[in-house]
$ cat my_file.cif   # mmCIF, C-alpha atoms and all ligand atoms
data_data
loop_
_atom_site.label_atom_id
_atom_site.label_comp_id
_atom_site.auth_asym_id
_atom_site.auth_seq_id
_atom_site.Cartn_x
_atom_site.Cartn_y
_atom_site.Cartn_z
CA MET M 21 -20.32 47.14 -36.63
CA SER M 22 -19.08 46.27 -33.20
CA ALA M 23 -18.11 42.66 -32.52
CA LEU M 24 -20.18 42.36 -29.37
CA ASN M 25 -22.87 44.95 -30.08
CA PRO M 26 -23.96 44.30 -33.67
CA TYR M 27 -26.40 47.24 -33.68
CA ARG M 28 -23.57 49.71 -33.13
CA PRO M 29 -20.99 50.72 -35.72
CA GLY M 30 -18.04 51.84 -33.49
CA LEU M 31 -15.97 49.78 -31.06
CA PHE M 32 -15.93 50.89 -27.43
CA ILE M 33 -12.71 50.06 -25.60
CA SER M 34 -11.79 51.07 -22.06
CA LEU M 35 -8.48 50.89 -20.23
CA GLU M 36 -8.42 50.23 -16.51
CA GLY M 37 -5.91 49.75 -13.72
CA ILE M 38 -4.94 51.09 -10.33
CA ASP M 39 -3.15 54.45 -10.27
CA GLY M 40 0.40 54.00 -11.49
CA ALA M 41 -0.29 50.75 -13.39
CA GLY M 42 0.89 52.34 -16.65
CA LYS M 43 -2.47 53.04 -18.27
CA SER M 44 -1.61 56.53 -19.57
CA THR M 45 1.65 55.18 -20.99
CA GLN M 46 -0.29 52.65 -23.10
CA LEU M 47 -3.36 54.63 -24.21
CA GLN M 48 -1.70 55.82 -27.40
CA THR M 49 -0.83 52.21 -28.28
CA VAL M 50 -4.53 51.36 -28.36
CA VAL M 51 -5.28 54.38 -30.54
CA ASP M 52 -2.36 53.59 -32.88
CA VAL M 53 -3.43 49.97 -33.43
CA LEU M 54 -6.97 51.01 -34.34
CA ARG M 55 -5.78 53.83 -36.63
CA ALA M 56 -3.35 51.45 -38.33
CA ALA M 57 -6.42 49.39 -39.24
CA ASN M 58 -7.88 52.51 -40.91
CA ARG M 59 -10.46 53.07 -38.20
CA GLN M 60 -11.64 56.46 -36.94
CA VAL M 61 -10.74 56.75 -33.28
CA MET M 62 -11.59 59.11 -30.45
CA LEU M 63 -9.62 59.13 -27.19
CA THR M 64 -11.41 60.34 -24.09
CA ARG M 65 -11.29 59.92 -20.31
CA GLU M 66 -13.28 59.60 -17.11
CA PRO M 67 -14.00 61.41 -15.00
CA GLY M 68 -14.03 64.08 -17.70
CA GLY M 69 -14.46 64.12 -21.45
CA THR M 70 -16.90 67.07 -21.49
CA GLU M 71 -16.74 70.63 -20.19
CA ILE M 72 -18.91 69.78 -17.19
CA GLY M 73 -17.14 66.45 -16.73
CA GLU M 74 -13.73 68.13 -16.54
CA LYS M 75 -15.05 70.54 -13.88
CA ILE M 76 -16.41 67.59 -11.89
CA ARG M 77 -13.03 65.88 -12.31
CA GLU M 78 -11.29 68.81 -10.63
CA LEU M 79 -13.62 68.48 -7.63
CA LEU M 80 -13.19 64.72 -7.46
CA LEU M 81 -9.40 64.77 -7.65
CA HIS M 82 -8.84 67.62 -5.20
CA GLU M 83 -11.76 68.15 -2.76
CA THR M 84 -12.48 66.03 0.29
CA MET M 85 -15.91 64.35 0.10
CA ARG M 86 -17.91 61.34 1.23
CA PRO M 87 -17.59 58.12 -0.82
CA ALA M 88 -21.27 58.34 -1.81
CA THR M 89 -20.77 61.91 -3.09
CA GLU M 90 -17.78 60.64 -5.03
CA ALA M 91 -19.80 57.83 -6.63
CA LEU M 92 -22.67 60.15 -7.54
CA LEU M 93 -20.31 62.71 -9.08
CA MET M 94 -18.62 59.96 -11.13
CA PHE M 95 -22.01 59.06 -12.57
CA ALA M 96 -23.03 62.71 -13.05
CA ALA M 97 -19.92 63.27 -15.16
CA ARG M 98 -20.53 59.96 -16.96
CA GLN M 99 -24.11 60.94 -17.88
CA GLU M 100 -22.84 64.01 -19.78
CA HIS M 101 -19.98 62.03 -21.29
CA VAL M 102 -22.16 59.18 -22.56
CA LEU M 103 -24.91 61.39 -24.00
CA ARG M 104 -22.77 64.14 -25.50
CA VAL M 105 -19.63 62.28 -26.56
CA ILE M 106 -19.53 58.48 -26.37
CA GLU M 107 -22.87 57.47 -27.89
CA PRO M 108 -22.79 60.01 -30.76
CA ALA M 109 -19.26 58.86 -31.66
CA LEU M 110 -20.13 55.16 -31.58
CA LEU M 111 -23.33 55.66 -33.56
CA GLY M 112 -21.37 57.67 -36.15
CA GLY M 113 -18.92 54.80 -36.63
CA THR M 114 -16.02 56.19 -34.57
CA ASP M 115 -14.24 53.88 -32.16
CA VAL M 116 -14.08 55.24 -28.62
CA VAL M 117 -11.03 54.58 -26.46
CA CYS M 118 -11.89 55.59 -22.93
CA ASP M 119 -9.37 56.04 -20.12
CA ARG M 120 -11.57 54.36 -17.45
CA PHE M 121 -15.34 53.81 -17.40
CA THR M 122 -17.88 52.27 -15.00
CA ALA M 123 -15.57 49.37 -14.07
CA ALA M 124 -13.48 52.02 -12.28
CA THR M 125 -16.44 53.09 -10.15
CA LEU M 126 -17.13 49.48 -9.18
CA ALA M 127 -13.44 49.02 -8.31
CA TYR M 128 -12.68 52.34 -6.56
CA GLN M 129 -15.97 53.42 -4.97
CA GLY M 130 -17.20 49.81 -4.59
CA GLY M 131 -14.12 47.68 -3.82
CA GLY M 132 -11.99 50.52 -2.46
CA LYS M 133 -14.53 52.56 -0.50
CA GLY M 134 -17.26 50.07 0.31
CA ILE M 135 -20.26 51.42 -1.62
CA PRO M 136 -22.47 48.36 -2.27
CA THR M 137 -22.11 47.02 -5.81
CA GLU M 138 -25.92 46.82 -6.28
CA ARG M 139 -26.20 50.60 -5.76
CA LEU M 140 -23.47 51.31 -8.29
CA GLU M 141 -24.98 48.85 -10.77
CA ALA M 142 -28.37 50.54 -10.37
CA LEU M 143 -26.76 53.91 -11.18
CA ALA M 144 -25.03 52.37 -14.19
CA ARG M 145 -28.36 50.99 -15.47
CA TRP M 146 -29.88 54.46 -15.08
CA VAL M 147 -27.01 56.45 -16.62
CA HIS M 148 -26.05 54.20 -19.54
CA PRO M 149 -28.68 51.49 -20.07
CA GLY M 150 -27.43 48.85 -22.49
CA LEU M 151 -24.03 50.49 -22.99
CA CYS M 152 -20.82 48.86 -21.86
CA PRO M 153 -17.39 48.57 -23.45
CA ASP M 154 -16.86 45.86 -26.08
CA CYS M 155 -13.53 45.14 -24.48
CA ILE M 156 -11.84 46.24 -21.30
CA ILE M 157 -8.06 46.13 -20.98
CA LEU M 158 -6.89 45.86 -17.39
CA ILE M 159 -3.24 46.69 -16.81
CA ASP M 160 -2.59 44.79 -13.62
CA VAL M 161 0.21 45.51 -11.14
CA PRO M 162 0.57 44.87 -7.41
CA PRO M 163 -0.14 48.07 -5.43
CA GLU M 164 3.42 48.14 -4.07
CA VAL M 165 4.79 48.41 -7.62
CA ALA M 166 2.31 51.15 -8.54
CA ALA M 167 3.11 53.10 -5.36
CA GLN M 168 6.81 52.99 -6.11
CA ARG M 169 6.22 54.28 -9.65
CA LEU M 170 3.98 57.12 -8.45
CA GLU M 171 6.43 58.16 -5.74
CA GLN M 172 9.18 58.55 -8.29
CA THR M 173 7.21 60.50 -10.81
CA ARG M 174 4.79 63.16 -9.67
CA GLN M 175 2.77 65.17 -7.20
CA ARG M 176 -0.12 62.99 -6.20
CA ASP M 177 -3.84 63.82 -6.35
CA ARG M 178 -6.43 62.71 -3.74
CA PHE M 179 -6.77 59.18 -5.18
CA GLU M 180 -3.06 58.72 -5.75
CA GLN M 181 -2.49 59.45 -2.04
CA GLU M 182 -4.59 56.45 -0.97
CA SER M 183 -2.91 53.59 0.93
CA VAL M 184 -1.48 50.37 -0.46
CA ASP M 185 -4.37 48.54 1.29
CA PHE M 186 -6.90 50.69 -0.56
CA PHE M 187 -5.27 49.87 -3.91
CA ALA M 188 -5.12 46.18 -2.97
CA ARG M 189 -8.94 46.26 -2.59
CA VAL M 190 -9.37 48.17 -5.86
CA ARG M 191 -7.12 45.68 -7.66
CA ALA M 192 -8.97 42.69 -6.18
CA ASN M 193 -12.28 44.14 -7.36
CA TYR M 194 -10.92 44.68 -10.89
CA LEU M 195 -9.63 41.11 -11.02
CA GLN M 196 -12.99 39.83 -9.80
CA GLN M 197 -14.82 41.78 -12.52
CA ALA M 198 -12.39 40.42 -15.11
CA ALA M 199 -12.86 36.84 -13.90
CA SER M 200 -16.64 37.13 -14.11
CA SER M 201 -16.64 38.32 -17.77
CA PRO M 202 -13.52 36.82 -19.35
CA GLU M 203 -14.93 37.27 -22.88
CA LYS M 204 -14.88 41.03 -22.41
CA TRP M 205 -11.80 41.60 -20.24
CA ARG M 206 -8.13 41.17 -21.03
CA VAL M 207 -5.80 41.26 -18.03
CA ILE M 208 -2.27 42.31 -18.93
CA ASP M 209 0.72 41.95 -16.64
CA GLY M 210 1.79 45.57 -16.13
CA THR M 211 5.03 44.64 -14.37
CA GLN M 212 6.56 43.82 -17.75
CA THR M 213 8.59 46.46 -19.56
CA PRO M 214 6.53 49.18 -21.30
CA GLU M 215 7.57 47.64 -24.64
CA ALA M 216 6.36 44.18 -23.61
CA VAL M 217 3.03 45.60 -22.38
CA GLN M 218 2.68 47.46 -25.69
CA LYS M 219 3.34 44.26 -27.65
CA THR M 220 0.74 42.30 -25.65
CA ILE M 221 -1.89 45.04 -26.13
CA THR M 222 -1.14 45.21 -29.87
CA GLY M 223 -1.50 41.42 -30.28
CA TYR M 224 -4.75 41.38 -28.34
CA LEU M 225 -6.33 44.26 -30.23
CA ASN M 226 -5.35 42.82 -33.59
CA LYS M 227 -7.20 39.63 -32.60
CA VAL M 228 -10.26 41.68 -31.57
CA LEU M 229 -10.19 43.45 -34.95
CA GLN M 230 -9.81 40.15 -36.81
CA GLU M 231 -12.84 38.78 -35.00
CA PHE M 232 -14.71 41.95 -35.85
CA ASP M 233 -13.79 41.73 -39.55
CA SER M 234 -14.88 38.11 -39.78
CA LYS M 235 -18.44 38.91 -38.65
N1 LIG E 1 5.67 48.97 -17.72
C1 LIG E 1 6.24 49.91 -16.97
N2 LIG E 1 7.36 49.65 -16.27
C2 LIG E 1 7.94 50.60 -15.50
N3 LIG E 1 7.47 51.86 -15.35
C3 LIG E 1 6.36 52.17 -16.03
C4 LIG E 1 5.68 51.23 -16.86
N4 LIG E 1 4.59 51.83 -17.40
C5 LIG E 1 4.57 53.09 -16.92
N5 LIG E 1 5.63 53.30 -16.11
C6 LIG E 1 5.94 54.54 -15.37
O1 LIG E 1 5.10 54.56 -14.21
C7 LIG E 1 4.61 55.88 -13.99
C8 LIG E 1 3.07 55.84 -14.03
O2 LIG E 1 2.67 55.51 -15.35
P1 LIG E 1 1.30 56.06 -15.98
O3 LIG E 1 1.20 57.52 -15.77
O4 LIG E 1 1.21 55.52 -17.34
O5 LIG E 1 0.27 55.29 -15.00
P2 LIG E 1 -1.28 55.42 -14.89
O6 LIG E 1 -1.77 54.05 -14.65
O7 LIG E 1 -1.84 56.17 -16.04
O8 LIG E 1 -1.43 56.26 -13.58
P3 LIG E 1 -2.64 57.25 -13.19
O9 LIG E 1 -3.90 56.44 -13.33
O10 LIG E 1 -2.33 57.65 -11.79
O11 LIG E 1 -2.59 58.40 -14.14
C9 LIG E 1 5.24 56.77 -15.06
O12 LIG E 1 6.40 57.34 -14.55
C10 LIG E 1 5.61 55.80 -16.16
O13 LIG E 1 6.72 56.23 -16.91
C1 LIG E 2 -13.65 56.93 -13.66
C2 LIG E 2 -13.27 56.82 -12.23
C3 LIG E 2 -12.04 57.26 -11.77
N1 LIG E 2 -11.72 57.14 -10.47
C4 LIG E 2 -10.40 57.63 -10.01
C5 LIG E 2 -9.27 56.79 -10.46
C6 LIG E 2 -8.13 57.75 -10.62
O1 LIG E 2 -7.47 57.85 -9.39
C7 LIG E 2 -8.81 59.08 -10.91
C8 LIG E 2 -8.73 59.48 -12.36
O2 LIG E 2 -7.42 59.70 -12.66
P1 LIG E 2 -6.61 59.02 -13.92
O3 LIG E 2 -5.22 59.05 -13.45
O4 LIG E 2 -6.88 59.94 -15.05
O5 LIG E 2 -7.09 57.68 -14.17
O6 LIG E 2 -10.19 58.90 -10.58
C9 LIG E 2 -12.61 56.62 -9.57
O7 LIG E 2 -12.32 56.56 -8.37
N2 LIG E 2 -13.83 56.19 -10.00
C10 LIG E 2 -14.20 56.27 -11.30
O8 LIG E 2 -15.33 55.87 -11.67
#
$ encode --input "my_file.cif" --output "structure tokens" --more "lines below"
Ligand SMILES: Nc1ncnc2c1ncn2[C@@H]1O[C@H](COP(=O)(O)OP(=O)(O)OP(=O)(O)O)[C@@H](O)[C@H]1O
Ligand SMILES: Cc1cn([C@H]2C[C@H](O)[C@@H](COP(=O)(O)O)O2)c(=O)[nH]c1=O
Amino acid sequence: MSALNPYRPGLFISLEGIDGAGKSTQLQTVVDVLRAANRQVMLTREPGGTEIGEKIRELLLHETMRPATEALLMFAARQEHVLRVIEPALLGGTDVVCDRFTAATLAYQGGGKGIPTERLEALARWVHPGLCPDCIILIDVPPEVAAQRLEQTRQRDRFEQESVDFFARVRANYLQQAASSPEKWRVIDGTQTPEAVQKTITGYLNKVLQEFDSK
């Protein structure tokens, strides 16, 4: 059973951070820690995670659109993802590690693009009533650091081309969300070396699992 949702057998963990924070680099760490504890684990991502969701992802990452369209498409993809993938896995006892979830919509479409939080929260209540991650790991870096990393490494999609100011707003929103639910969020300093970030995530997750086992 989940530590925070005793009616549910699998743990639901999401990873968050601005683009370039190092989230993809650390996803496997999360999976490895859970598997080392003999747990069944599924790794998935948003937007995406289903056939329809991956098609919506392509639109979101590459087509120009209004912020409201963006928010609605995020939730359209999430509806399919929750109903077809996340809930069945959790109910079957599989832990779900999700590369971003609704916190990203609040941060990017809310903090970054100015969609009112109440509208996004209303969509979240509609699309996944009663479901939220048991723990959310935020890899936190200043936007200047993330921009430098992205510049060095790859061709950038529509979000990755946003300004440093945009990512400063997204980061501030994430930190605000984390501060308002400290029992659920763990903020990790992503400016450390990848090995140090990995060690911090491993220590944190082992504590979460210990808490879970003691219930
Ligand atoms: N702790 C770190 N220190 C220095 N560089 C890092 C660190 N973590 C990741 N990187 C490098 O930064 C770049 C971006 O990392 P990664 O792809 O993991 O970020 P991300 O947060 O998943 O980005 P996006 O959300 O855009 O996919 C990569 O080149 C990666 O090797
Ligand atoms: C779920 C979600 C994602 N986004 C943005 C954030 C990223 O720029 C991309 C996804 O790419 P990633 O490198 O695989 O993380 O989508 C968003 O704006 N709102 C959301 O809800």
$ residues_around --input "my_file.cif" --residues "Ser183 of chain M" --least-positions-apart "5" --cutoff "9 Å" --atoms "only C-alpha atoms" --output "ChimeraX atom specification"
/M:163,167,188
$ residues_near_ligand --input "my_file.cif" --ligand "ligand LIG 1 (chain E)" --cutoff "7 Å" --atoms "all atoms listed in the file" --output "JSON, numbers by chain"
{"M": [37, 38, 39, 40, 41, 42, 43, 44, 45, 46, 169, 170, 172, 173, 180, 210, 211, 212, 213, 214, 217]}
$ residues_near_ligand --input "my_file.cif" --ligand "ligand LIG 2 (chain E)" --cutoff "10 Å" --atoms "all atoms listed in the file" --output "PyMOL selection string"
chain M and resi 35-44+65-68+77-78+80-81+87+90-95+97-98+118-130+132-133+140+176-182+187+190
$ write_last_selection --input "my_file.cif" --atoms "C-alpha atoms" --output "PDB file, in the coordinates of the input"
ATOM      1  CA  LEU M  35      -8.480  50.890 -20.230  1.00  0.00           C
ATOM      2  CA  GLU M  36      -8.420  50.230 -16.510  1.00  0.00           C
ATOM      3  CA  GLY M  37      -5.910  49.750 -13.720  1.00  0.00           C
ATOM      4  CA  ILE M  38      -4.940  51.090 -10.330  1.00  0.00           C
ATOM      5  CA  ASP M  39      -3.150  54.450 -10.270  1.00  0.00           C
ATOM      6  CA  GLY M  40       0.400  54.000 -11.490  1.00  0.00           C
ATOM      7  CA  ALA M  41      -0.290  50.750 -13.390  1.00  0.00           C
ATOM      8  CA  GLY M  42       0.890  52.340 -16.650  1.00  0.00           C
ATOM      9  CA  LYS M  43      -2.470  53.040 -18.270  1.00  0.00           C
ATOM     10  CA  SER M  44      -1.610  56.530 -19.570  1.00  0.00           C
ATOM     11  CA  ARG M  65     -11.290  59.920 -20.310  1.00  0.00           C
ATOM     12  CA  GLU M  66     -13.280  59.600 -17.110  1.00  0.00           C
ATOM     13  CA  PRO M  67     -14.000  61.410 -15.000  1.00  0.00           C
ATOM     14  CA  GLY M  68     -14.030  64.080 -17.700  1.00  0.00           C
ATOM     15  CA  ARG M  77     -13.030  65.880 -12.310  1.00  0.00           C
ATOM     16  CA  GLU M  78     -11.290  68.810 -10.630  1.00  0.00           C
ATOM     17  CA  LEU M  80     -13.190  64.720  -7.460  1.00  0.00           C
ATOM     18  CA  LEU M  81      -9.400  64.770  -7.650  1.00  0.00           C
ATOM     19  CA  PRO M  87     -17.590  58.120  -0.820  1.00  0.00           C
ATOM     20  CA  GLU M  90     -17.780  60.640  -5.030  1.00  0.00           C
ATOM     21  CA  ALA M  91     -19.800  57.830  -6.630  1.00  0.00           C
ATOM     22  CA  LEU M  92     -22.670  60.150  -7.540  1.00  0.00           C
ATOM     23  CA  LEU M  93     -20.310  62.710  -9.080  1.00  0.00           C
ATOM     24  CA  MET M  94     -18.620  59.960 -11.130  1.00  0.00           C
ATOM     25  CA  PHE M  95     -22.010  59.060 -12.570  1.00  0.00           C
ATOM     26  CA  ALA M  97     -19.920  63.270 -15.160  1.00  0.00           C
ATOM     27  CA  ARG M  98     -20.530  59.960 -16.960  1.00  0.00           C
ATOM     28  CA  CYS M 118     -11.890  55.590 -22.930  1.00  0.00           C
ATOM     29  CA  ASP M 119      -9.370  56.040 -20.120  1.00  0.00           C
ATOM     30  CA  ARG M 120     -11.570  54.360 -17.450  1.00  0.00           C
ATOM     31  CA  PHE M 121     -15.340  53.810 -17.400  1.00  0.00           C
ATOM     32  CA  THR M 122     -17.880  52.270 -15.000  1.00  0.00           C
ATOM     33  CA  ALA M 123     -15.570  49.370 -14.070  1.00  0.00           C
ATOM     34  CA  ALA M 124     -13.480  52.020 -12.280  1.00  0.00           C
ATOM     35  CA  THR M 125     -16.440  53.090 -10.150  1.00  0.00           C
ATOM     36  CA  LEU M 126     -17.130  49.480  -9.180  1.00  0.00           C
ATOM     37  CA  ALA M 127     -13.440  49.020  -8.310  1.00  0.00           C
ATOM     38  CA  TYR M 128     -12.680  52.340  -6.560  1.00  0.00           C
ATOM     39  CA  GLN M 129     -15.970  53.420  -4.970  1.00  0.00           C
ATOM     40  CA  GLY M 130     -17.200  49.810  -4.590  1.00  0.00           C
ATOM     41  CA  GLY M 132     -11.990  50.520  -2.460  1.00  0.00           C
ATOM     42  CA  LYS M 133     -14.530  52.560  -0.500  1.00  0.00           C
ATOM     43  CA  LEU M 140     -23.470  51.310  -8.290  1.00  0.00           C
ATOM     44  CA  ARG M 176      -0.120  62.990  -6.200  1.00  0.00           C
ATOM     45  CA  ASP M 177      -3.840  63.820  -6.350  1.00  0.00           C
ATOM     46  CA  ARG M 178      -6.430  62.710  -3.740  1.00  0.00           C
ATOM     47  CA  PHE M 179      -6.770  59.180  -5.180  1.00  0.00           C
ATOM     48  CA  GLU M 180      -3.060  58.720  -5.750  1.00  0.00           C
ATOM     49  CA  GLN M 181      -2.490  59.450  -2.040  1.00  0.00           C
ATOM     50  CA  GLU M 182      -4.590  56.450  -0.970  1.00  0.00           C
ATOM     51  CA  PHE M 187      -5.270  49.870  -3.910  1.00  0.00           C
ATOM     52  CA  VAL M 190      -9.370  48.170  -5.860  1.00  0.00           C
TER      53      VAL M 190
END
$ closest_residue --input "my_file.cif" --among "M:Ala57, M:Gln230, M:Glu138, M:Ile157" --to "Pro202 of chain M" --atoms "all atoms listed in the file"
M:Ile157
$ atom_distance --input "my_file.cif" --atom1 "atom CA of Ser200 of chain M" --atom2 "atom CA of Leu110 of chain M"
25.3 Å
$ decode --input "my_file.cif" --residues "segment 73-105 of chain M" --atoms "C-alpha atoms" --output "compact mmCIF listing (two decimals), in the first residue's frame"
# COMPACT_ATOMS: atom_id res chain seq x y z
CA GLY M 73 -0.73 11.15 -25.58
CA GLU M 74 2.43 10.79 -27.67
CA LYS M 75 0.62 12.30 -30.68
CA ILE M 76 -0.53 15.22 -28.53
CA ARG M 77 3.06 15.57 -27.27
CA GLU M 78 4.29 16.06 -30.84
CA LEU M 79 1.78 18.89 -31.32
CA LEU M 80 2.65 20.50 -28.00
CA LEU M 81 6.40 20.41 -28.51
CA HIS M 82 6.42 21.61 -32.11
CA GLU M 83 3.28 23.58 -33.10
CA THR M 84 2.58 27.18 -32.19
CA MET M 85 -0.60 27.54 -30.10
CA ARG M 86 -2.32 29.68 -27.48
CA PRO M 87 -1.46 29.01 -23.81
CA ALA M 88 -5.05 27.91 -23.12
CA THR M 89 -4.87 25.38 -25.99
CA GLU M 90 -1.61 24.15 -24.52
CA ALA M 91 -3.15 23.69 -21.07
CA LEU M 92 -6.19 21.89 -22.45
CA LEU M 93 -4.03 19.55 -24.56
CA MET M 94 -1.87 18.75 -21.50
CA PHE M 95 -5.01 17.66 -19.66
CA ALA M 96 -6.41 15.81 -22.69
CA ALA M 97 -3.23 13.73 -22.86
CA ARG M 98 -3.30 13.31 -19.06
CA GLN M 99 -6.88 11.98 -19.12
CA GLU M 100 -5.84 9.10 -21.41
CA HIS M 101 -2.65 8.53 -19.42
CA VAL M 102 -4.37 8.38 -16.04
CA LEU M 103 -7.24 6.13 -17.14
CA ARG M 104 -5.33 3.76 -19.40
CA VAL M 105 -1.92 3.57 -17.74
